[in-house]
file work03.csv (CSV, C-alpha atoms and all ligand atoms)
chain,number,residue,atom,x,y,z
A,1,MET,CA,0.0,0.0,0.0
A,2,THR,CA,1.4,3.4,-0.8
A,3,THR,CA,1.0,6.6,1.1
A,4,MET,CA,-1.0,9.2,-0.7
A,5,ASN,CA,-3.2,12.2,0.2
A,6,HIS,CA,-4.5,12.1,3.7
A,7,ASP,CA,-7.9,13.8,3.4
A,8,ILE,CA,-9.7,12.3,0.4
A,9,SER,CA,-13.0,14.1,0.7
A,10,GLY,CA,-14.1,15.1,-2.7
A,11,ALA,CA,-10.7,15.3,-4.3
A,12,SER,CA,-10.5,11.6,-5.1
A,13,GLY,CA,-14.1,11.3,-6.1
A,14,VAL,CA,-14.9,9.1,-3.1
A,15,GLU,CA,-18.3,10.3,-2.0
A,16,ALA,CA,-19.0,8.6,1.3
A,17,GLY,CA,-22.7,9.2,1.8
A,18,ALA,CA,-23.6,9.2,-1.9
A,19,ASP,CA,-26.4,6.8,-1.0
A,20,GLU,CA,-29.4,8.1,0.9
A,21,GLU,CA,-29.4,4.9,3.0
A,22,THR,CA,-25.9,5.5,4.2
A,23,ALA,CA,-26.2,9.2,4.9
A,24,THR,CA,-23.2,9.5,7.2
A,25,PRO,CA,-21.2,6.3,7.1
A,26,ILE,CA,-18.3,6.2,9.5
A,27,LEU,CA,-16.7,3.5,7.3
A,28,ASP,CA,-17.2,3.2,3.6
A,29,VAL,CA,-15.5,0.2,2.1
A,30,ARG,CA,-15.1,0.1,-1.7
A,31,GLY,CA,-13.8,-2.8,-3.7
A,32,LEU,CA,-12.1,-4.3,-0.7
A,33,THR,CA,-10.1,-7.3,-1.7
A,34,VAL,CA,-7.9,-9.7,0.2
A,35,HIS,CA,-6.2,-12.5,-1.8
A,36,PHE,CA,-3.9,-14.8,0.1
A,37,PRO,CA,-1.2,-16.3,-2.1
A,38,ILE,CA,-1.0,-20.1,-2.2
A,39,LYS,CA,2.7,-21.1,-2.2
A,40,LYS,CA,4.0,-24.5,-3.4
A,41,GLY,CA,7.3,-26.3,-3.8
A,42,PHE,CA,10.9,-25.9,-2.7
A,43,LEU,CA,11.0,-22.3,-4.1
A,44,SER,CA,7.7,-21.4,-2.6
A,45,ARG,CA,6.3,-20.3,-5.9
A,46,THR,CA,2.8,-18.7,-5.9
A,47,VAL,CA,0.5,-21.1,-7.7
A,48,GLY,CA,-2.8,-19.4,-7.0
A,49,HIS,CA,-4.7,-17.1,-4.6
A,50,VAL,CA,-7.4,-17.7,-2.0
A,51,ARG,CA,-10.0,-15.0,-2.7
A,52,ALA,CA,-11.0,-14.6,0.9
A,53,VAL,CA,-12.5,-11.1,0.4
A,54,ASP,CA,-13.3,-10.4,-3.3
A,55,GLY,CA,-14.2,-6.8,-4.1
A,56,ILE,CA,-16.6,-5.9,-1.3
A,57,ASP,CA,-18.5,-2.6,-1.1
A,58,LEU,CA,-20.0,-1.9,2.3
A,59,SER,CA,-21.0,1.2,4.3
A,60,VAL,CA,-21.1,1.1,8.1
A,61,ARG,CA,-23.3,3.9,9.6
A,62,ALA,CA,-22.1,5.7,12.7
A,63,GLY,CA,-23.6,4.2,15.9
A,64,GLU,CA,-25.1,1.1,14.3
A,65,THR,CA,-24.3,-2.6,14.7
A,66,LEU,CA,-23.7,-4.2,11.4
A,67,GLY,CA,-23.6,-8.0,11.4
A,68,ILE,CA,-21.4,-10.0,8.9
A,69,VAL,CA,-22.8,-13.5,8.6
A,70,GLY,CA,-22.0,-16.6,6.5
A,71,GLU,CA,-20.6,-20.1,6.8
A,72,SER,CA,-17.2,-20.9,8.0
A,73,GLY,CA,-14.6,-19.9,5.4
A,74,CYS,CA,-16.7,-17.4,3.6
A,75,GLY,CA,-14.3,-14.6,4.5
A,76,LYS,CA,-16.0,-12.9,7.5
A,77,THR,CA,-12.9,-12.7,9.7
A,78,THR,CA,-10.7,-11.6,6.9
A,79,LEU,CA,-13.2,-8.8,6.0
A,80,GLY,CA,-13.3,-7.6,9.6
A,81,ARG,CA,-9.6,-7.7,10.2
A,82,SER,CA,-8.7,-6.1,6.9
A,83,VAL,CA,-11.1,-3.2,7.7
A,84,ALA,CA,-9.0,-2.6,10.8
A,85,ARG,CA,-5.8,-3.3,8.8
A,86,VAL,CA,-4.8,-6.1,11.1
A,87,ILE,CA,-4.7,-8.0,7.8
A,88,GLU,CA,-3.3,-6.1,4.8
A,89,PRO,CA,-5.8,-5.6,2.0
A,90,THR,CA,-4.7,-6.5,-1.5
A,91,ALA,CA,-6.8,-3.7,-3.1
A,92,GLY,CA,-9.7,-1.4,-2.4
A,93,GLN,CA,-10.5,1.6,-0.2
A,94,ILE,CA,-11.4,1.8,3.5
A,95,VAL,CA,-12.8,5.3,3.8
A,96,TYR,CA,-13.0,6.3,7.5
A,97,ARG,CA,-14.8,9.5,8.5
A,98,ASP,CA,-12.6,10.9,11.3
A,99,THR,CA,-13.7,13.0,14.3
A,100,ALA,CA,-13.2,16.2,12.3
A,101,GLY,CA,-15.6,14.9,9.6
A,102,ARG,CA,-12.8,14.3,7.0
A,103,ASN,CA,-12.8,11.1,4.9
A,104,VAL,CA,-9.5,9.3,5.1
A,105,ASP,CA,-8.7,6.2,3.0
A,106,LEU,CA,-7.0,4.0,5.6
A,107,ALA,CA,-5.9,1.5,2.9
A,108,GLU,CA,-3.5,4.1,1.5
A,109,LEU,CA,-1.7,5.0,4.8
A,110,ASN,CA,1.7,3.8,5.8
A,111,ALA,CA,2.2,2.3,9.3
A,112,ARG,CA,3.1,5.6,10.9
A,113,ARG,CA,0.2,7.6,9.5
A,114,LEU,CA,-2.2,4.7,10.2
A,115,ARG,CA,-1.3,4.5,13.9
A,116,PRO,CA,-3.7,7.3,15.1
A,117,TYR,CA,-6.6,5.7,13.3
A,118,GLN,CA,-5.8,2.2,14.6
A,119,ARG,CA,-6.6,3.7,18.1
A,120,GLN,CA,-10.1,4.5,16.7
A,121,ILE,CA,-10.8,1.2,15.2
A,122,ARG,CA,-10.2,-1.8,17.5
A,123,VAL,CA,-10.8,-5.5,17.2
A,124,VAL,CA,-12.3,-7.8,19.9
A,125,PHE,CA,-11.0,-11.3,19.1
A,126,GLN,CA,-13.0,-14.4,19.3
A,127,ASP,CA,-11.3,-16.7,21.8
A,128,PRO,CA,-10.8,-15.2,25.2
A,129,PHE,CA,-8.7,-18.2,26.2
A,130,SER,CA,-6.0,-18.0,23.5
A,131,SER,CA,-6.1,-14.2,22.9
A,132,LEU,CA,-4.9,-13.2,26.4
A,133,ASN,CA,-1.2,-13.7,27.2
A,134,PRO,CA,-1.2,-16.1,30.2
A,135,ARG,CA,2.0,-14.5,31.5
A,136,MET,CA,0.6,-11.0,31.7
A,137,THR,CA,-1.6,-9.6,34.5
A,138,LEU,CA,-4.8,-7.8,33.8
A,139,ARG,CA,-3.0,-4.5,34.4
A,140,GLN,CA,-0.4,-5.4,31.7
A,141,ILE,CA,-3.0,-6.8,29.3
A,142,VAL,CA,-5.4,-3.9,29.4
A,143,GLY,CA,-2.6,-1.3,29.9
A,144,GLU,CA,-0.5,-2.5,26.9
A,145,PRO,CA,-2.4,-0.5,24.2
A,146,LEU,CA,-2.0,2.6,26.3
A,147,ARG,CA,1.7,2.0,26.8
A,148,THR,CA,2.5,1.2,23.2
A,149,SER,CA,0.5,4.2,22.0
A,150,GLY,CA,2.8,6.3,24.3
A,151,THR,CA,-0.2,8.5,25.3
A,152,VAL,CA,-0.4,7.5,29.0
A,153,THR,CA,2.1,6.4,31.6
A,154,GLY,CA,2.6,5.8,35.3
A,155,SER,CA,-0.3,6.2,37.7
A,156,GLU,CA,-2.5,7.7,35.0
A,157,LEU,CA,-2.2,4.4,33.2
A,158,ASP,CA,-3.2,2.5,36.3
A,159,ASP,CA,-6.2,4.8,36.7
A,160,ARG,CA,-7.3,4.3,33.1
A,161,VAL,CA,-7.0,0.5,33.4
A,162,ALA,CA,-8.9,0.5,36.7
A,163,SER,CA,-11.7,2.6,35.3
A,164,MET,CA,-11.9,0.5,32.1
A,165,LEU,CA,-12.1,-2.8,34.1
A,166,GLU,CA,-14.9,-1.3,36.2
A,167,ARG,CA,-16.7,-0.3,33.0
A,168,VAL,CA,-16.7,-3.9,31.8
A,169,GLY,CA,-17.9,-5.2,35.1
A,170,LEU,CA,-14.6,-6.4,36.7
A,171,SER,CA,-13.3,-5.2,40.0
A,172,PRO,CA,-9.9,-3.3,39.7
A,173,LYS,CA,-8.7,-5.2,42.7
A,174,TYR,CA,-8.0,-8.1,40.3
A,175,MET,CA,-5.6,-6.0,38.3
A,176,ASN,CA,-2.6,-8.0,39.4
A,177,ARG,CA,-4.1,-11.4,38.6
A,178,TYR,CA,-3.4,-13.5,35.6
A,179,PRO,CA,-6.0,-14.7,33.0
A,180,HIS,CA,-6.1,-18.3,34.3
A,181,ALA,CA,-7.8,-17.0,37.4
A,182,PHE,CA,-10.9,-16.0,35.4
A,183,SER,CA,-13.8,-17.6,33.7
A,184,GLY,CA,-14.4,-17.5,29.9
A,185,GLY,CA,-17.0,-14.6,30.3
A,186,GLU,CA,-14.6,-12.7,32.6
A,187,ARG,CA,-11.8,-13.1,30.1
A,188,GLN,CA,-13.9,-11.8,27.3
A,189,ARG,CA,-14.6,-8.8,29.5
A,190,VAL,CA,-10.8,-8.3,29.8
A,191,ASN,CA,-10.6,-8.6,26.0
A,192,ILE,CA,-13.3,-6.0,25.6
A,193,ALA,CA,-11.6,-3.7,28.1
A,194,ARG,CA,-8.3,-4.0,26.2
A,195,ALA,CA,-10.1,-3.1,22.9
A,196,LEU,CA,-11.8,-0.1,24.4
A,197,VAL,CA,-9.1,1.4,26.6
A,198,LEU,CA,-7.8,3.7,23.8
A,199,GLY,CA,-11.3,5.1,23.3
A,200,PRO,CA,-12.1,3.8,19.8
A,201,ARG,CA,-15.1,4.8,17.8
A,202,VAL,CA,-15.4,1.6,15.8
A,203,VAL,CA,-15.2,-1.9,17.3
A,204,ILE,CA,-14.8,-5.0,15.1
A,205,ALA,CA,-16.2,-7.8,17.3
A,206,ASP,CA,-15.1,-11.1,15.7
A,207,GLU,CA,-17.3,-13.9,17.0
A,208,PRO,CA,-17.2,-12.3,20.5
A,209,VAL,CA,-19.5,-14.8,22.2
A,210,SER,CA,-19.1,-18.0,20.2
A,211,ALA,CA,-16.4,-19.5,22.5
A,212,LEU,CA,-18.5,-18.9,25.6
A,213,ASP,CA,-21.1,-21.0,27.4
A,214,VAL,CA,-24.6,-20.2,26.4
A,215,SER,CA,-25.4,-19.0,29.9
A,216,VAL,CA,-22.8,-16.1,29.7
A,217,ARG,CA,-23.4,-15.1,26.1
A,218,ALA,CA,-26.4,-12.9,27.0
A,219,GLN,CA,-24.3,-11.1,29.7
A,220,ILE,CA,-21.6,-10.3,27.2
A,221,LEU,CA,-24.1,-9.2,24.6
A,222,ASN,CA,-25.8,-7.0,27.1
A,223,LEU,CA,-22.4,-5.5,28.1
A,224,LEU,CA,-21.6,-4.8,24.4
A,225,ARG,CA,-25.0,-3.1,24.0
A,226,ASP,CA,-24.5,-1.0,27.2
A,227,LEU,CA,-21.0,0.1,26.2
A,228,GLN,CA,-22.2,1.0,22.7
A,229,GLU,CA,-24.8,3.3,24.1
A,230,GLU,CA,-22.5,4.8,26.8
A,231,LEU,CA,-19.5,5.3,24.5
A,232,LYS,CA,-21.3,5.9,21.2
A,233,LEU,CA,-19.6,3.0,19.5
A,234,THR,CA,-20.1,1.6,16.1
A,235,TYR,CA,-19.9,-2.2,15.8
A,236,LEU,CA,-19.0,-4.5,13.0
A,237,PHE,CA,-20.2,-7.8,14.4
A,238,VAL,CA,-18.8,-10.9,12.8
A,239,SER,CA,-20.7,-14.1,13.6
A,240,HIS,CA,-21.9,-17.4,12.1
A,241,ASP,CA,-24.7,-17.5,14.8
A,242,LEU,CA,-27.8,-16.1,13.1
A,243,SER,CA,-29.8,-16.0,16.4
A,244,VAL,CA,-27.1,-13.8,18.1
A,245,VAL,CA,-27.0,-11.6,15.1
A,246,GLU,CA,-30.8,-11.2,15.0
A,247,ASN,CA,-30.6,-10.2,18.7
A,248,ILE,CA,-27.9,-7.6,18.5
A,249,CYS,CA,-27.6,-6.2,15.0
A,250,ASP,CA,-29.4,-3.3,13.3
A,251,ARG,CA,-28.4,-4.4,9.8
A,252,VAL,CA,-26.9,-7.6,8.4
A,253,ALA,CA,-24.6,-8.3,5.5
A,254,VAL,CA,-24.6,-11.9,4.2
A,255,MET,CA,-21.3,-13.2,2.8
A,256,TYR,CA,-20.7,-16.0,0.4
A,257,LEU,CA,-17.3,-16.9,-1.1
A,258,GLY,CA,-15.7,-13.5,-0.3
A,259,LYS,CA,-18.6,-11.5,-1.6
A,260,ILE,CA,-21.7,-9.9,-0.1
A,261,VAL,CA,-24.8,-11.4,-1.5
A,262,GLU,CA,-27.4,-9.5,0.5
A,263,VAL,CA,-27.6,-6.7,3.0
A,264,ALA,CA,-30.6,-5.3,4.8
A,265,GLY,CA,-32.1,-4.2,8.1
A,266,THR,CA,-32.2,-7.1,10.4
A,267,ALA,CA,-36.0,-7.4,10.8
A,268,ASP,CA,-36.4,-7.0,7.0
A,269,LEU,CA,-33.7,-9.6,6.2
A,270,TYR,CA,-35.0,-12.2,8.6
A,271,ALA,CA,-38.6,-11.7,7.6
A,272,GLN,CA,-38.0,-11.5,3.8
A,273,PRO,CA,-34.6,-13.0,2.7
A,274,ARG,CA,-34.3,-12.4,-1.0
A,275,HIS,CA,-31.2,-14.3,-2.0
A,276,PRO,CA,-31.5,-18.1,-2.1
A,277,TYR,CA,-28.3,-18.4,0.1
A,278,THR,CA,-29.8,-16.1,2.8
A,279,GLU,CA,-33.0,-18.1,2.6
A,280,ALA,CA,-31.1,-21.4,3.1
A,281,LEU,CA,-29.0,-20.0,6.0
A,282,LEU,CA,-32.1,-18.6,7.8
A,283,SER,CA,-34.1,-21.8,7.3
A,284,ALA,CA,-31.8,-23.4,9.9
A,285,VAL,CA,-32.9,-20.8,12.5
A,286,PRO,CA,-36.0,-21.6,14.4
A,287,ARG,CA,-38.7,-19.1,13.4
A,288,PRO,CA,-41.4,-18.3,15.9
A,289,ASP,CA,-43.8,-17.0,13.3
A,290,PRO,CA,-45.0,-19.7,10.9
A,291,ARG,CA,-45.9,-17.0,8.3
A,292,LEU,CA,-42.4,-15.9,7.9
A,293,ARG,CA,-40.5,-16.9,4.8
A,294,GLY,CA,-38.9,-20.3,5.2
A,295,ALA,CA,-40.4,-21.0,8.6
A,296,GLY,CA,-40.5,-24.7,9.4
A,297,ARG,CA,-38.9,-25.6,6.0
A,298,ARG,CA,-35.2,-26.5,6.4
A,299,ILE,CA,-33.3,-26.0,3.2
A,300,ARG,CA,-30.3,-28.3,3.2
A,301,LEU,CA,-27.4,-27.0,1.3
A,302,ALA,CA,-25.6,-29.5,-0.9
A,303,ASP,CA,-21.8,-30.0,-0.5
A,304,ASP,CA,-19.3,-27.8,1.2
A,305,LEU,CA,-18.4,-24.3,0.3
A,306,PRO,CA,-16.6,-24.3,-3.1
A,307,ASP,CA,-12.8,-23.6,-3.0
A,308,PRO,CA,-12.3,-19.8,-2.7
A,309,ALA,CA,-9.1,-20.3,-4.7
A,310,ASN,CA,-11.2,-21.6,-7.6
A,311,PRO,CA,-14.7,-20.2,-7.4
A,312,PRO,CA,-17.3,-21.7,-9.8
A,313,PRO,CA,-18.3,-19.8,-13.0
A,314,GLY,CA,-21.5,-17.8,-13.2
A,315,CYS,CA,-23.4,-17.3,-10.0
A,316,TYR,CA,-21.0,-18.4,-7.2
A,317,PHE,CA,-23.9,-20.1,-5.4
A,318,HIS,CA,-25.2,-22.2,-8.3
A,319,THR,CA,-23.3,-25.3,-7.3
A,320,ARG,CA,-25.4,-25.5,-4.1
A,321,CYS,CA,-28.5,-23.6,-4.9
A,322,PRO,CA,-31.7,-25.6,-4.8
A,323,TYR,CA,-33.2,-23.4,-7.5
A,324,ALA,CA,-30.2,-23.4,-9.9
A,325,VAL,CA,-31.1,-23.7,-13.6
A,326,PRO,CA,-28.4,-25.6,-15.6
A,327,GLY,CA,-27.1,-23.7,-18.6
A,328,VAL,CA,-28.3,-20.4,-17.0
A,329,CYS,CA,-26.9,-20.0,-13.5
A,330,ASP,CA,-23.6,-21.6,-14.3
A,331,VAL,CA,-22.9,-19.2,-17.1
A,332,ALA,CA,-24.7,-16.1,-15.9
A,333,GLU,CA,-22.7,-12.9,-15.5
A,334,ARG,CA,-21.8,-12.5,-11.9
A,335,ALA,CA,-24.7,-10.6,-10.3
A,336,PRO,CA,-24.4,-7.0,-9.2
A,337,LEU,CA,-26.1,-5.9,-6.0
A,338,LEU,CA,-29.5,-4.5,-6.7
A,339,THR,CA,-31.4,-2.3,-4.3
A,340,SER,CA,-35.0,-1.6,-3.7
A,341,SER,CA,-35.5,2.1,-3.6
A,342,GLY,CA,-35.9,3.5,-0.2
A,343,SER,CA,-35.7,0.4,1.9
A,344,GLY,CA,-31.9,-0.1,1.6
A,345,HIS,CA,-32.4,-3.9,1.1
A,346,ARG,CA,-29.8,-5.0,-1.4
A,347,VAL,CA,-29.3,-8.3,-3.0
A,348,ALA,CA,-27.2,-10.0,-5.6
A,349,ALA,CA,-29.5,-10.5,-8.6
A,350,CYS,CA,-30.8,-14.1,-9.0
A,351,VAL,CA,-32.3,-15.2,-12.4
A,352,ARG,CA,-35.2,-16.9,-10.5
A,353,SER,CA,-36.0,-14.2,-8.0
A,354,ASP,CA,-39.3,-13.2,-9.5
A,355,GLU,CA,-40.6,-16.7,-10.0
A,356,LEU,CA,-39.6,-17.8,-6.5
A,357,GLY,CA,-41.0,-14.7,-4.8
A,358,LEU,CA,-37.5,-13.8,-3.6
A,359,ALA,CA,-37.6,-10.6,-5.6
A,360,GLY,CA,-39.3,-7.3,-4.7
A,361,VAL,CA,-36.2,-5.4,-5.6
A,362,GLY,CA,-35.9,-2.6,-8.2
A,363,SER,CA,-33.1,-2.3,-10.6
A,364,GLU,CA,-31.0,0.5,-9.2
A,365,VAL,CA,-27.4,-0.8,-9.1
A,366,GLY,CA,-25.2,0.2,-6.2
A,367,GLY,CA,-23.1,-0.9,-3.2
A,368,PRO,CA,-24.7,-1.9,0.1
B,1,LIG,N1,-3.6,-16.3,6.4
B,1,LIG,C1,-4.3,-17.0,5.5
B,1,LIG,N2,-3.6,-17.6,4.5
B,1,LIG,C2,-4.3,-18.3,3.5
B,1,LIG,N3,-5.6,-18.5,3.5
B,1,LIG,C3,-6.3,-17.9,4.5
B,1,LIG,C4,-5.7,-17.2,5.5
B,1,LIG,N4,-6.6,-16.7,6.4
B,1,LIG,C5,-7.8,-17.2,5.9
B,1,LIG,N5,-7.6,-17.9,4.8
B,1,LIG,C6,-8.6,-18.5,4.0
B,1,LIG,O1,-9.5,-17.5,3.5
B,1,LIG,C7,-10.8,-18.0,3.5
B,1,LIG,C8,-11.7,-17.1,4.4
B,1,LIG,O2,-11.3,-17.3,5.8
B,1,LIG,P1,-12.0,-16.5,7.0
B,1,LIG,O3,-11.3,-17.0,8.2
B,1,LIG,O4,-11.9,-15.1,6.7
B,1,LIG,O5,-13.5,-17.1,6.9
B,1,LIG,P2,-14.6,-17.0,8.0
B,1,LIG,O6,-15.9,-16.9,7.3
B,1,LIG,O7,-14.2,-16.0,9.1
B,1,LIG,O8,-14.5,-18.5,8.6
B,1,LIG,P3,-14.4,-18.9,10.2
B,1,LIG,O9,-15.7,-18.6,10.7
B,1,LIG,O10,-14.1,-20.4,10.0
B,1,LIG,O11,-13.2,-18.2,10.8
B,1,LIG,C9,-10.8,-19.5,3.9
B,1,LIG,O12,-10.7,-20.3,2.8
B,1,LIG,C10,-9.5,-19.5,4.7
B,1,LIG,O13,-8.9,-20.8,4.6

call {"tool": "encode", "arguments": {"input": "work03.csv", "output": "structure tokens", "more": "lines below"}}
Ligand SMILES: Nc1ncnc2c1ncn2[C@@H]1O[C@H](COP(=O)(O)OP(=O)(O)OP(=O)(O)O)[C@@H](O)[C@H]1O
result
Amino acid sequence: MTTMNHDISGASGVEAGADEETATPILDVRGLTVHFPIKKGFLSRTVGHVRAVDGIDLSVRAGETLGIVGESGCGKTTLGRSVARVIEPTAGQIVYRDTAGRNVDLAELNARRLRPYQRQIRVVFQDPFSSLNPRMTLRQIVGEPLRTSGTVTGSELDDRVASMLERVGLSPKYMNRYPHAFSGGERQRVNIARALVLGPRVVIADEPVSALDVSVRAQILNLLRDLQEELKLTYLFVSHDLSVVENICDRVAVMYLGKIVEVAGTADLYAQPRHPYTEALLSAVPRPDPRLRGAGRRIRLADDLPDPANPPPGCYFHTRCPYAVPGVCDVAERAPLLTSSGSGHRVAACVRSDELGLAGVGSEVGGP
């Protein structure tokens, strides 16, 4: 990535907020791509690429919780981490609206210029057991981002750690203890404290409750909700658990093979999925209302996810789609995202949408 102009508002033609549905996005991702090289042989020659994230457009609105869902291996984690530049993007823009209202393309910044923005976009990692260094005390773990950012030292650092621990529901008197003394839920609170101690505006929560017992999941989700309100946070919430996502997210983006196939408000998406993949995913979630689309009818998807290094031709989903038409879906142009005017519900076009009642979208083309 090269370093270029800092404030890209207007000048580069990037118009964050061009869409009425995304009036003031705090993040506007355009064409984001992460291809991992596949190396083989003695000389480690690159023989192909895993297209983990494959040209994604996505806007995240200030203050919302946007869910990223999809099966294991569809690219959710890579998307979340590349937005925070924990993983380096191969191409694309990550336009962040800073506190002064300027649009900055994070993908263009070198490490030094990126640093202040990395304080504003933090990641909560999935596994509270492996992500905490067992040889560090809570004081060291939560204080580390403050120390490495060089902004706070000495007793002020201790005060900040103590108040952050209190905010996540842990007593500061445990500051000198090591992670092994804590339960899974408590460790995830430590993880959250570490992510929030620098005062970020955007938090990328990567499966934050999936490693936890069901009994503590609700507590951590409530904590995340409370912190969001109190600290005015924006969440990108990565999860394979559709029930959790329904519970906590305002909008949901559905990923398949490195691409987004549908994005909509949570209630709208769950009541009226418009892409066959979304319909199949949701059919596995118990629906309380039998009138809802797919309720009581489990759609079993054939085979595993295709190889993201070698995606199928035509519609990426056709190899597993129960509605696929041979000779049509396997040769169709890859579908753009279409949007219904006003509702903000966007879906990758499907040749059978109308006939299956999955449609209801207009023909305005645009990013989600
Ligand atoms: N560092 C890497 N090098 C090569 N391939 C990778 C790397 N990280 C991820 N991948 C591949 O990229 C694809 C997307 O992985 P990713 O972890 O983003 O998916 P995911 O939807 O988050 O899945 P999971 O829920 O299992 O973590 C997968 O095929 C994965 O094997």

call {"tool": "closest_atom_pairs", "arguments": {"input": "work03.csv", "of": "chain A", "to": "ligand LIG 1 (chain B)", "cutoff": "9 Å", "atoms": "only C-alpha atoms and all ligand atoms", "output": "tab-separated table"}}
result
residue	atom	partner	partner_atom	distance
A:Val34	CA	B:LIG1	O1	8.6
A:His35	CA	B:LIG1	O1	8.0
A:Phe36	CA	B:LIG1	C2	4.9
A:Pro37	CA	B:LIG1	C2	6.7
A:Ile38	CA	B:LIG1	C2	6.8
A:His49	CA	B:LIG1	C2	8.2
A:Val50	CA	B:LIG1	N3	5.8
A:Arg51	CA	B:LIG1	O1	6.7
A:Ala52	CA	B:LIG1	O1	4.2
A:Val53	CA	B:LIG1	C8	7.3
A:Ile68	CA	B:LIG1	O6	9.0
A:Val69	CA	B:LIG1	O6	7.8
A:Gly70	CA	B:LIG1	O6	6.2
A:Glu71	CA	B:LIG1	O6	5.7
A:Ser72	CA	B:LIG1	O8	3.7
A:Gly73	CA	B:LIG1	O5	3.4
A:Cys74	CA	B:LIG1	O6	3.8
A:Gly75	CA	B:LIG1	O4	3.3
A:Lys76	CA	B:LIG1	O7	3.9
A:Thr77	CA	B:LIG1	O7	3.6
A:Thr78	CA	B:LIG1	O4	3.7
A:Leu79	CA	B:LIG1	O4	6.5
A:Gly80	CA	B:LIG1	O4	8.2
A:Arg81	CA	B:LIG1	O4	8.5
A:Ile87	CA	B:LIG1	N1	8.5
A:Asp206	CA	B:LIG1	O7	8.3
A:Glu207	CA	B:LIG1	O9	8.0
A:Val238	CA	B:LIG1	O7	7.8
A:Ser239	CA	B:LIG1	O9	7.3
A:His240	CA	B:LIG1	O9	6.5
A:Met255	CA	B:LIG1	O6	7.9
A:Tyr256	CA	B:LIG1	O6	8.5
A:Leu257	CA	B:LIG1	C8	7.9
A:Gly258	CA	B:LIG1	C8	7.1
A:Asp307	CA	B:LIG1	O12	7.0
A:Pro308	CA	B:LIG1	O12	5.7
A:Ala309	CA	B:LIG1	O12	7.7

call {"tool": "atom_distance", "arguments": {"input": "work03.csv", "atom1": "CA of Cys249 in chain A", "atom2": "CA of Thr65 in chain A"}}
result
4.9 Å

call {"tool": "closest_atom_pairs", "arguments": {"input": "work03.csv", "of": "range 200-307 of chain A", "to": "range 189-193 of chain A", "cutoff": "12 Å", "atoms": "all atoms listed in the file", "output": "Markdown table"}}
result
| residue | atom | partner | partner_atom | distance |
| --- | --- | --- | --- | --- |
| A:Pro200 | CA | A:Ala193 | CA | 11.2 |
| A:Val203 | CA | A:Ile192 | CA | 9.5 |
| A:Ile204 | CA | A:Ile192 | CA | 10.7 |
| A:Ala205 | CA | A:Ile192 | CA | 9.0 |
| A:Asp206 | CA | A:Ile192 | CA | 11.3 |
| A:Pro208 | CA | A:Ile192 | CA | 9.0 |
| A:Val209 | CA | A:Arg189 | CA | 10.6 |
| A:Leu212 | CA | A:Arg189 | CA | 11.5 |
| A:Val216 | CA | A:Arg189 | CA | 11.0 |
| A:Arg217 | CA | A:Arg189 | CA | 11.3 |
| A:Gln219 | CA | A:Arg189 | CA | 10.0 |
| A:Ile220 | CA | A:Arg189 | CA | 7.5 |
| A:Leu221 | CA | A:Arg189 | CA | 10.7 |
| A:Asn222 | CA | A:Arg189 | CA | 11.6 |
| A:Leu223 | CA | A:Arg189 | CA | 8.6 |
| A:Leu224 | CA | A:Ile192 | CA | 8.5 |
| A:Leu227 | CA | A:Ile192 | CA | 9.8 |
| A:Gln228 | CA | A:Ile192 | CA | 11.7 |

call {"tool": "closest_residue", "arguments": {"input": "work03.csv", "among": "A:Arg225, A:Arg160, A:Phe129, A:Pro172", "to": "Arg187 in chain A", "atoms": "only C-alpha atoms"}}
result
A:Phe129

call {"tool": "residues_near_point", "arguments": {"input": "work03.csv", "point": "(-0.4, -0.4, 7.4)", "cutoff": "12 Å", "atoms": "only C-alpha atoms", "output": "list of chain:residue names"}}
result
A:Met1, A:Thr2, A:Thr3, A:Ser82, A:Val83, A:Ala84, A:Arg85, A:Val86, A:Ile87, A:Glu88, A:Pro89, A:Thr90, A:Ile94, A:Asp105, A:Leu106, A:Ala107, A:Glu108, A:Leu109, A:Asn110, A:Ala111, A:Arg112, A:Arg113, A:Leu114, A:Arg115, A:Pro116, A:Tyr117, A:Gln118

call {"tool": "residues_around", "arguments": {"input": "work03.csv", "residues": "Val331 in chain A", "least_positions_apart": "4", "cutoff": "7 Å", "atoms": "all atoms listed in the file", "output": "list of chain:residue names"}}
result
A:Pro313, A:Gly314, A:Gly327

call {"tool": "atom_distance", "arguments": {"input": "work03.csv", "atom1": "CA of Ala280 in chain A", "atom2": "CA of Val29 in chain A"}}
result
26.7 Å

call {"tool": "decode", "arguments": {"input": "work03.csv", "residues": "range 197-209 of chain A", "atoms": "C-alpha atoms", "output": "PDB file, in the first residue's frame"}}
result
ATOM      1  CA  VAL A 197      -9.106   1.387  26.612  1.00  0.00           C
ATOM      2  CA  LEU A 198      -7.839   3.683  23.840  1.00  0.00           C
ATOM      3  CA  GLY A 199     -11.320   5.132  23.331  1.00  0.00           C
ATOM      4  CA  PRO A 200     -12.103   3.794  19.836  1.00  0.00           C
ATOM      5  CA  ARG A 201     -15.116   4.831  17.772  1.00  0.00           C
ATOM      6  CA  VAL A 202     -15.443   1.587  15.818  1.00  0.00           C
ATOM      7  CA  VAL A 203     -15.165  -1.909  17.282  1.00  0.00           C
ATOM      8  CA  ILE A 204     -14.839  -4.996  15.131  1.00  0.00           C
ATOM      9  CA  ALA A 205     -16.185  -7.828  17.260  1.00  0.00           C
ATOM     10  CA  ASP A 206     -15.077 -11.130  15.730  1.00  0.00           C
ATOM     11  CA  GLU A 207     -17.345 -13.902  17.045  1.00  0.00           C
ATOM     12  CA  PRO A 208     -17.183 -12.309  20.526  1.00  0.00           C
ATOM     13  CA  VAL A 209     -19.483 -14.817  22.211  1.00  0.00           C
TER      14      VAL A 209
END
